[in-house]
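Heads up, upload_36.tsv below (TSV, C-alpha atoms and all ligand atoms):
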```tsv
chain	number	residue	atom	x	y	z
R	827	MET	CA	49.73	55.56	174.94
R	828	THR	CA	53.19	54.14	175.44
R	829	THR	CA	55.50	51.76	173.62
R	830	VAL	CA	56.60	48.49	175.23
R	831	LEU	CA	59.51	46.34	174.02
R	832	ILE	CA	59.24	42.67	175.00
R	833	THR	CA	61.98	40.10	174.43
R	834	GLY	CA	60.93	36.48	174.01
R	835	ALA	CA	57.54	37.79	172.92
R	836	THR	CA	56.42	34.93	170.67
R	837	ALA	CA	55.60	32.32	173.31
R	838	GLY	CA	54.69	31.74	176.93
R	839	ILE	CA	55.10	34.59	179.38
R	840	GLY	CA	56.35	37.08	176.76
R	841	ALA	CA	53.34	36.43	174.52
R	842	ALA	CA	51.07	36.89	177.57
R	843	PHE	CA	52.71	40.29	178.24
R	844	ALA	CA	52.15	41.20	174.57
R	845	ARG	CA	48.44	40.21	174.64
R	846	ARG	CA	47.79	42.03	177.89
R	847	LEU	CA	49.61	45.25	176.99
R	848	ALA	CA	48.17	45.39	173.45
R	849	GLY	CA	44.73	44.97	175.04
R	850	GLU	CA	45.46	48.01	177.21
R	851	GLY	CA	46.28	50.06	174.07
R	852	HIS	CA	50.08	50.10	174.18
R	853	ASP	CA	52.15	49.94	171.00
R	854	LEU	CA	54.60	47.05	170.97
R	855	VAL	CA	58.06	46.08	169.77
R	856	LEU	CA	58.27	42.28	169.75
R	857	VAL	CA	61.70	40.60	169.89
R	858	ALA	CA	62.51	36.91	169.34
R	859	ARG	CA	64.43	34.79	166.80
R	860	ASN	CA	61.59	33.26	164.77
R	861	GLU	CA	60.73	35.92	162.21
R	862	GLN	CA	57.67	34.19	160.80
R	863	ARG	CA	56.13	33.73	164.22
R	864	LEU	CA	56.86	37.36	165.10
R	865	GLY	CA	55.10	38.52	161.92
R	866	GLU	CA	52.01	36.39	162.55
R	867	GLN	CA	51.76	37.59	166.14
R	868	ALA	CA	52.17	41.24	165.13
R	869	THR	CA	49.36	40.96	162.57
R	870	GLU	CA	47.05	39.27	165.06
R	871	LEU	CA	47.66	41.81	167.84
R	872	HIS	CA	47.33	44.77	165.45
R	873	ASP	CA	44.08	43.43	163.96
R	874	ARG	CA	42.57	42.61	167.34
R	875	HIS	CA	43.59	45.68	169.32
R	876	GLY	CA	44.40	48.36	166.70
R	877	VAL	CA	47.84	49.07	168.19
R	878	GLU	CA	51.10	49.50	166.25
R	879	VAL	CA	53.24	46.36	166.48
R	880	GLU	CA	56.83	46.40	165.27
R	881	VAL	CA	58.92	43.25	165.05
R	882	LEU	CA	62.64	42.88	165.60
R	883	ALA	CA	64.11	39.45	164.86
R	884	ALA	CA	67.19	39.11	167.04
R	885	ASP	CA	69.12	36.29	168.68
R	886	LEU	CA	70.08	37.54	172.14
R	887	SER	CA	72.76	34.88	172.46
R	888	GLU	CA	74.75	36.83	169.86
R	889	ASP	CA	76.34	40.29	170.05
R	890	LYS	CA	74.72	41.27	166.77
R	891	GLY	CA	71.25	40.51	168.16
R	892	ILE	CA	71.87	42.36	171.42
R	893	GLU	CA	73.27	45.36	169.52
R	894	ALA	CA	70.17	45.57	167.30
R	895	VAL	CA	67.87	45.71	170.33
R	896	GLU	CA	70.15	48.19	172.14
R	897	ALA	CA	69.96	50.48	169.09
R	898	ARG	CA	66.16	50.28	169.04
R	899	LEU	CA	65.97	51.11	172.76
R	900	ARG	CA	68.28	54.12	172.30
R	901	ASP	CA	66.43	55.57	169.28
R	902	PRO	CA	65.32	59.03	170.48
R	903	ALA	CA	62.72	59.30	167.70
R	904	ARG	CA	60.85	56.18	168.90
R	905	PRO	CA	60.97	56.12	172.71
R	906	VAL	CA	60.32	52.86	174.57
R	907	HIS	CA	58.51	53.42	177.88
R	908	LEU	CA	58.53	49.88	179.25
R	909	LEU	CA	61.13	47.16	178.59
R	910	VAL	CA	60.31	43.55	179.48
R	911	ASN	CA	63.49	41.44	179.49
R	912	ASN	CA	61.81	38.06	179.30
R	913	ALA	CA	63.66	35.88	176.73
R	914	GLY	CA	65.13	32.80	178.32
R	915	PHE	CA	65.46	29.05	178.16
R	916	GLY	CA	66.50	25.96	180.06
R	917	ASN	CA	69.30	23.60	179.13
R	918	LYS	CA	68.70	19.85	178.95
R	919	GLY	CA	70.76	18.21	181.64
R	920	ARG	CA	72.68	18.80	184.81
R	921	PHE	CA	76.13	20.29	185.21
R	922	LEU	CA	78.75	18.50	183.04
R	923	GLU	CA	75.93	17.01	180.95
R	924	VAL	CA	75.43	20.39	179.26
R	925	SER	CA	78.11	21.65	176.87
R	926	MET	CA	80.13	24.67	177.94
R	927	ALA	CA	78.88	26.44	174.80
R	928	ASP	CA	75.28	26.03	176.00
R	929	GLU	CA	76.13	27.12	179.57
R	930	LEU	CA	77.73	30.28	178.18
R	931	LYS	CA	74.81	30.88	175.83
R	932	MET	CA	72.51	30.86	178.84
R	933	LEU	CA	74.64	33.45	180.64
R	934	LYS	CA	74.65	35.58	177.49
R	935	VAL	CA	70.84	35.58	177.16
R	936	HIS	CA	69.92	35.65	180.87
R	937	CYS	CA	72.66	38.00	182.11
R	938	GLU	CA	74.63	39.89	179.44
R	939	ALA	CA	71.60	40.70	177.28
R	940	VAL	CA	69.60	41.75	180.36
R	941	LEU	CA	72.48	43.96	181.55
R	942	ARG	CA	73.00	45.63	178.18
R	943	LEU	CA	69.33	46.11	177.32
R	944	THR	CA	68.55	47.44	180.80
R	945	ALA	CA	71.40	49.95	180.43
R	946	ALA	CA	70.29	51.05	176.95
R	947	ALA	CA	66.68	51.46	178.04
R	948	THR	CA	67.24	53.15	181.39
R	949	GLU	CA	69.75	55.67	180.01
R	950	ALA	CA	67.13	56.94	177.57
R	951	MET	CA	64.36	56.72	180.20
R	952	ARG	CA	66.40	58.66	182.75
R	953	GLU	CA	66.81	61.53	180.28
R	954	ARG	CA	63.02	61.59	179.83
R	955	ARG	CA	62.57	61.09	183.60
R	956	ARG	CA	60.02	58.37	182.86
R	957	GLY	CA	60.03	54.63	182.18
R	958	ALA	CA	60.12	51.14	183.64
R	959	VAL	CA	61.87	47.80	183.21
R	960	ILE	CA	60.59	44.36	184.17
R	961	ASN	CA	63.27	41.67	184.25
R	962	VAL	CA	61.93	38.12	184.31
R	963	ALA	CA	63.88	35.90	186.70
R	964	SER	CA	62.41	32.86	188.49
R	965	VAL	CA	61.85	31.44	191.96
R	966	ALA	CA	64.78	29.22	190.91
R	967	ALA	CA	66.87	32.28	191.82
R	968	PHE	CA	66.34	31.40	195.49
R	969	VAL	CA	67.44	27.75	195.34
R	970	PRO	CA	70.52	25.83	194.13
R	971	ARG	CA	69.61	24.96	190.55
R	972	GLY	CA	72.74	24.97	188.39
R	973	THR	CA	73.56	27.72	185.93
R	974	TYR	CA	69.87	28.42	185.39
R	975	GLY	CA	69.21	29.28	189.07
R	976	ALA	CA	72.52	31.15	189.33
R	977	SER	CA	71.77	33.26	186.27
R	978	LYS	CA	68.32	34.12	187.63
R	979	ALA	CA	69.82	34.98	191.05
R	980	TRP	CA	72.02	37.47	189.18
R	981	VAL	CA	68.89	38.96	187.56
R	982	VAL	CA	67.29	39.41	191.00
R	983	GLN	CA	70.35	41.07	192.57
R	984	PHE	CA	71.08	43.17	189.51
R	985	THR	CA	67.54	44.49	189.14
R	986	GLN	CA	67.11	45.35	192.80
R	987	GLY	CA	70.50	47.07	192.84
R	988	VAL	CA	69.72	49.17	189.76
R	989	ALA	CA	66.25	50.00	191.13
R	990	ARG	CA	67.97	51.46	194.16
R	991	ASP	CA	70.61	53.30	192.10
R	992	LEU	CA	67.91	54.91	189.92
R	993	ALA	CA	65.44	55.67	192.73
R	994	GLY	CA	64.08	59.20	192.31
R	995	SER	CA	65.06	59.37	188.61
R	996	GLY	CA	61.56	58.57	187.34
R	997	VAL	CA	62.74	55.12	186.17
R	998	ARG	CA	61.33	52.06	187.95
R	999	LEU	CA	62.66	48.51	187.85
R	1000	MET	CA	61.03	45.30	189.00
R	1001	VAL	CA	62.21	41.70	188.89
R	1002	LEU	CA	59.50	39.11	188.31
R	1003	CYS	CA	60.01	35.67	189.87
R	1004	PRO	CA	57.50	33.13	188.55
R	1005	GLY	CA	57.19	29.54	189.70
R	1006	PHE	CA	56.22	26.81	187.22
R	1007	VAL	CA	54.24	28.36	184.35
R	1008	ARG	CA	52.56	26.45	181.52
R	1009	THR	CA	54.53	27.61	178.46
R	1010	GLU	CA	56.81	26.05	175.84
R	1011	PHE	CA	59.79	26.33	178.21
R	1012	HIS	CA	59.97	22.78	179.57
R	1013	GLU	CA	59.25	21.07	176.27
R	1014	ARG	CA	61.90	23.15	174.49
R	1015	ALA	CA	64.41	22.16	177.17
R	1016	GLY	CA	63.46	18.49	176.99
R	1017	MET	CA	62.37	18.52	180.64
R	1018	GLY	CA	59.79	16.05	181.85
R	1019	THR	CA	57.50	17.73	184.35
R	1020	ASP	CA	55.39	14.80	185.55
R	1021	ASN	CA	56.93	15.09	189.02
R	1022	VAL	CA	55.62	18.66	189.34
R	1023	PRO	CA	52.26	18.58	191.17
R	1024	GLY	CA	49.35	20.15	189.27
R	1025	TRP	CA	48.71	22.76	191.96
R	1026	LEU	CA	52.18	24.27	191.40
R	1027	TRP	CA	51.43	25.34	187.82
R	1028	LEU	CA	50.63	28.98	187.07
R	1029	ASP	CA	48.72	30.47	184.15
R	1030	ALA	CA	50.82	32.93	182.09
R	1031	ASP	CA	48.00	35.46	181.62
R	1032	LYS	CA	47.18	35.57	185.35
R	1033	LEU	CA	50.88	35.81	186.16
R	1034	VAL	CA	51.29	38.83	183.88
R	1035	GLY	CA	48.20	40.55	185.33
R	1036	ALA	CA	49.61	40.15	188.84
R	1037	ALA	CA	53.09	41.30	187.74
R	1038	LEU	CA	51.74	44.50	186.21
R	1039	ARG	CA	49.73	45.19	189.36
R	1040	ASP	CA	52.93	44.77	191.41
R	1041	LEU	CA	54.77	47.18	189.08
R	1042	GLY	CA	51.92	49.66	189.55
R	1043	HIS	CA	52.32	49.34	193.33
R	1044	GLY	CA	56.02	50.22	193.04
R	1045	LYS	CA	57.37	46.80	194.02
R	1046	THR	CA	60.95	45.97	192.98
R	1047	LEU	CA	60.49	42.20	193.51
R	1048	SER	CA	57.36	40.39	192.40
R	1049	VAL	CA	56.55	36.79	193.36
R	1050	PRO	CA	53.02	36.96	192.06
R	1051	ASP	CA	51.09	34.09	193.58
R	1052	PRO	CA	50.17	33.20	197.17
R	1053	ARG	CA	51.41	29.61	196.62
R	1054	TYR	CA	54.87	30.76	195.66
R	1055	LYS	CA	54.93	33.53	198.26
R	1056	ALA	CA	54.37	30.78	200.85
R	1057	ILE	CA	56.93	28.45	199.26
R	1058	THR	CA	59.65	31.11	199.04
R	1059	GLY	CA	58.91	32.07	202.66
R	1060	LEU	CA	59.22	28.42	203.77
R	1061	MET	CA	62.42	28.00	201.76
R	1062	LYS	CA	64.06	30.66	203.91
R	1063	LEU	CA	63.14	28.72	207.06
R	1064	ALA	CA	63.74	25.11	205.94
R	1065	PRO	CA	67.17	23.46	206.34
R	1066	HIS	CA	69.36	24.16	203.33
R	1067	ARG	CA	69.88	20.45	202.47
R	1068	VAL	CA	66.09	19.86	202.30
R	1069	VAL	CA	65.56	22.83	199.97
R	1070	SER	CA	68.57	21.82	197.92
R	1071	ARG	CA	67.38	18.22	197.44
R	1072	ALA	CA	63.81	19.23	196.53
R	1073	SER	CA	64.88	21.96	194.13
R	1074	SER	CA	67.48	19.87	192.34
R	1075	THR	CA	64.90	17.24	191.38
R	1076	THR	CA	61.53	18.97	190.95
R	1077	GLY	CA	60.87	19.67	187.26
R	1078	ARG	CA	64.35	18.49	186.28
R	1079	LYS	CA	63.56	15.07	184.88
R	1080	TYR	CA	65.32	15.08	181.54
R	1081	GLY	CA	64.09	12.87	178.74
R	1082	PRO	CA	66.38	10.85	176.45
R	1083	LYS	CA	68.63	13.00	174.27
V	1101	LIG	N1	57.83	28.57	182.24
V	1101	LIG	C1	58.28	28.57	183.49
V	1101	LIG	O1	57.95	27.66	184.29
V	1101	LIG	C2	59.19	29.68	183.98
V	1101	LIG	C3	59.36	29.81	185.35
V	1101	LIG	C4	60.18	30.83	185.84
V	1101	LIG	C5	60.79	31.70	184.97
V	1101	LIG	N2	60.62	31.55	183.63
V	1101	LIG	C6	61.32	32.50	182.75
V	1101	LIG	O2	60.36	33.18	181.97
V	1101	LIG	C7	60.95	33.61	180.75
V	1101	LIG	C8	60.06	33.21	179.59
V	1101	LIG	O3	59.97	31.80	179.56
V	1101	LIG	P1	58.71	31.02	178.98
V	1101	LIG	O4	58.34	30.01	179.99
V	1101	LIG	O5	57.69	31.95	178.49
V	1101	LIG	O6	59.44	30.24	177.77
V	1101	LIG	P2	58.96	29.90	176.29
V	1101	LIG	O7	57.50	29.64	176.23
V	1101	LIG	O8	59.89	28.83	175.83
V	1101	LIG	O9	59.27	31.25	175.48
V	1101	LIG	C9	60.59	31.70	175.35
V	1101	LIG	C10	60.64	32.94	174.45
V	1101	LIG	O10	61.99	33.41	174.41
V	1101	LIG	C11	62.44	33.50	173.06
V	1101	LIG	N3	63.88	33.22	173.02
V	1101	LIG	C12	64.51	32.10	173.47
V	1101	LIG	N4	65.83	32.19	173.23
V	1101	LIG	C13	66.04	33.40	172.63
V	1101	LIG	C14	67.19	34.06	172.13
V	1101	LIG	N5	68.40	33.48	172.14
V	1101	LIG	N6	67.05	35.28	171.59
V	1101	LIG	C15	65.82	35.87	171.53
V	1101	LIG	N7	64.69	35.29	171.98
V	1101	LIG	C16	64.80	34.06	172.52
V	1101	LIG	C17	61.57	32.49	172.30
V	1101	LIG	O11	61.39	32.80	170.91
V	1101	LIG	P3	62.34	32.27	169.72
V	1101	LIG	O12	62.54	30.80	169.93
V	1101	LIG	O13	61.61	32.62	168.46
V	1101	LIG	O14	63.61	33.06	169.85
V	1101	LIG	C18	60.23	32.66	173.02
V	1101	LIG	O15	59.55	33.79	172.51
V	1101	LIG	C19	62.35	32.99	180.69
V	1101	LIG	O16	63.31	33.96	181.06
V	1101	LIG	C20	62.29	31.89	181.74
V	1101	LIG	O17	63.55	31.60	182.30
V	1101	LIG	C21	59.83	30.57	183.10
```
Can you give me the file's structure in the form of structure tokens?
Ligand SMILES: NC(=O)c1ccc[n+]([C@@H]2O[C@H](COP(=O)([O-])OP(=O)(O)OC[C@H]3O[C@@H](n4cnc5c(N)ncnc54)[C@H](OP(=O)(O)O)[C@@H]3O)[C@@H](O)[C@H]2O)c1
Amino acid sequence: MTTVLITGATAGIGAAFARRLAGEGHDLVLVARNEQRLGEQATELHDRHGVEVEVLAADLSEDKGIEAVEARLRDPARPVHLLVNNAGFGNKGRFLEVSMADELKMLKVHCEAVLRLTAAATEAMRERRRGAVINVASVAAFVPRGTYGASKAWVVQFTQGVARDLAGSGVRLMVLCPGFVRTEFHERAGMGTDNVPGWLWLDADKLVGAALRDLGHGKTLSVPDPRYKAITGLMKLAPHRVVSRASSTTGRKYGPK
């Protein structure tokens, strides 16, 4: 039995990680902002799977929220064996349409929180010579896609670099790069997705199953679907302007404010 801390655990991909890992008998620490939703999810997972589920309401766009999760990860009395840095969001609009405050908030959640929580978790894991971190990025990391893509490219580079630095320490890191997944993400960001073909959509539960298999196989980068493996392969070969045009429009149709 191990304990897994998941950020952004109340919806979408994070909730799929929580369901899957609770089903496998792991205790959970669920992190998100909505306290009521966290409580309901904890009760449901505990009742269904008999695992211990702790909740930690924290806003990772604020220092106070990051500090609370760092403290939980560093608590020697309650070791966390797997950290899933998953919390994230999209902003509504292109560059200069989004306020600087929202751009910075994205960097705080996608980069600073991931950096600080990875450090807190891996320091404790390295002492125990055991543990793993999954950082959720996106295939958007491989294409020009504003602050969102740039922040996810940072997650990819950061995770692979740390995985190398900690090789042999007993601590494993993997970055997960999903394509389009049916979650609350696009609706929350006010993004219309009717120009995204149906065949491009992934199921969160299947995505998580494939990601955990990749972690088990020791991968440091997981693009867990043959469709997206092919697309990311083609993106490396296609002319940059073609990739750039396609990626800047697909799934970025913003509704009225
Ligand atoms: N869906 C996709 O197509 C897709 C594709 C590639 C990558 N991703 C990435 O996958 C991750 C999960 O996205 P999702 O699609 O599952 O989105 P989602 O369904 O909107 O869920 C987002 C989760 O993050 C939490 N969250 C958001 N802002 C937070 C903050 N400031 N502090 C703490 N928790 C916060 C939300 O809970 P609260 O609102 O209660 O805080 C929620 O639990 C993100 O990093 C996203 O960039 C998604």
| request: Would you mind listing what lies within 7 Å of stretch 936-953 of chain R as a ChimeraX atom specification, with all atoms listed in the file counted and same-chain residues fewer than 5 positions away left out? | output: /R:886,892,896,899-900,911,914,977,981,995-997
| If you count all atoms listed in the file, which residues fall within 7 Å of R:Ala989, apart from same-chain ones fewer than 6 positions away, as a PyMOL selection string? | chain R and resi 998-999+1046
| task | Please identify the residues whose atoms come within 6 Å of ligand LIG 1101 (chain V), using all atoms listed in the file, and report them as a ChimeraX atom specification. | result | /R:834-840,858-860,884-887,912-915,935,962-964,1004-1011
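Distance annotation: of R:Ala1036, R:Ala1030, R:Val924, R:Val1022, the residue with the minimal separation from R:Tyr974 is R:Val924; atom set is only C-alpha atoms.
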| Which polymer residues have any atom within 10 Å of an atom of R:Val855, counting all atoms listed in the file, with same-chain residues fewer than 2 positions away left out, as JSON, numbers by chain? | {"R": [829, 830, 831, 832, 833, 835, 844, 852, 853, 857, 864, 868, 878, 879, 880, 881, 882, 895, 898, 899, 906, 909]}
As JSON, please report the centre and edge lengths, rounded to one decimal in Å, of the axis-aligned box that holds all listed atoms of stretch 1058-1077 of chain R with 6 Å of padding on each of the six sides.
```
{"center_x": 64.4, "center_y": 24.7, "center_z": 197.2, "size_x": 23.0, "size_y": 26.8, "size_z": 31.8}
```
Using all atoms listed in the file, what table do you get, as JSON lines, when you list each residue of stretch 877-970 of chain R with an atom no more than 6 Å from stretch 1013-1016 of chain R, its nearest pair of atoms, and their distance in Å rounded to one decimal, rows by chain then rising number?
```
{"residue": "R:Gly916", "atom": "CA", "partner": "R:Ala1015", "partner_atom": "CA", "distance": 5.2}
{"residue": "R:Asn917", "atom": "CA", "partner": "R:Ala1015", "partner_atom": "CA", "distance": 5.5}
{"residue": "R:Lys918", "atom": "CA", "partner": "R:Ala1015", "partner_atom": "CA", "distance": 5.2}
```
| Given the choices R:Arg845, R:Arg863, R:Arg1039, R:Arg1067, which gets closest to R:His875 if the distance is worked out from only C-alpha atoms? | R:Arg845
| said: Just checking: using all atoms listed in the file, which residue out of R:His1012, R:Lys934, R:Arg1071, R:Arg846 ends up closest to R:Thr973? | reply: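 Between R:His1012, R:Lys934, R:Arg1071, R:Arg846, the residue approaching R:Thr973 most closely is R:Lys934.
Between atom CA of R:Arg956 and atom CA of R:Leu1033 the interatomic distance comes to 24.6 Å.
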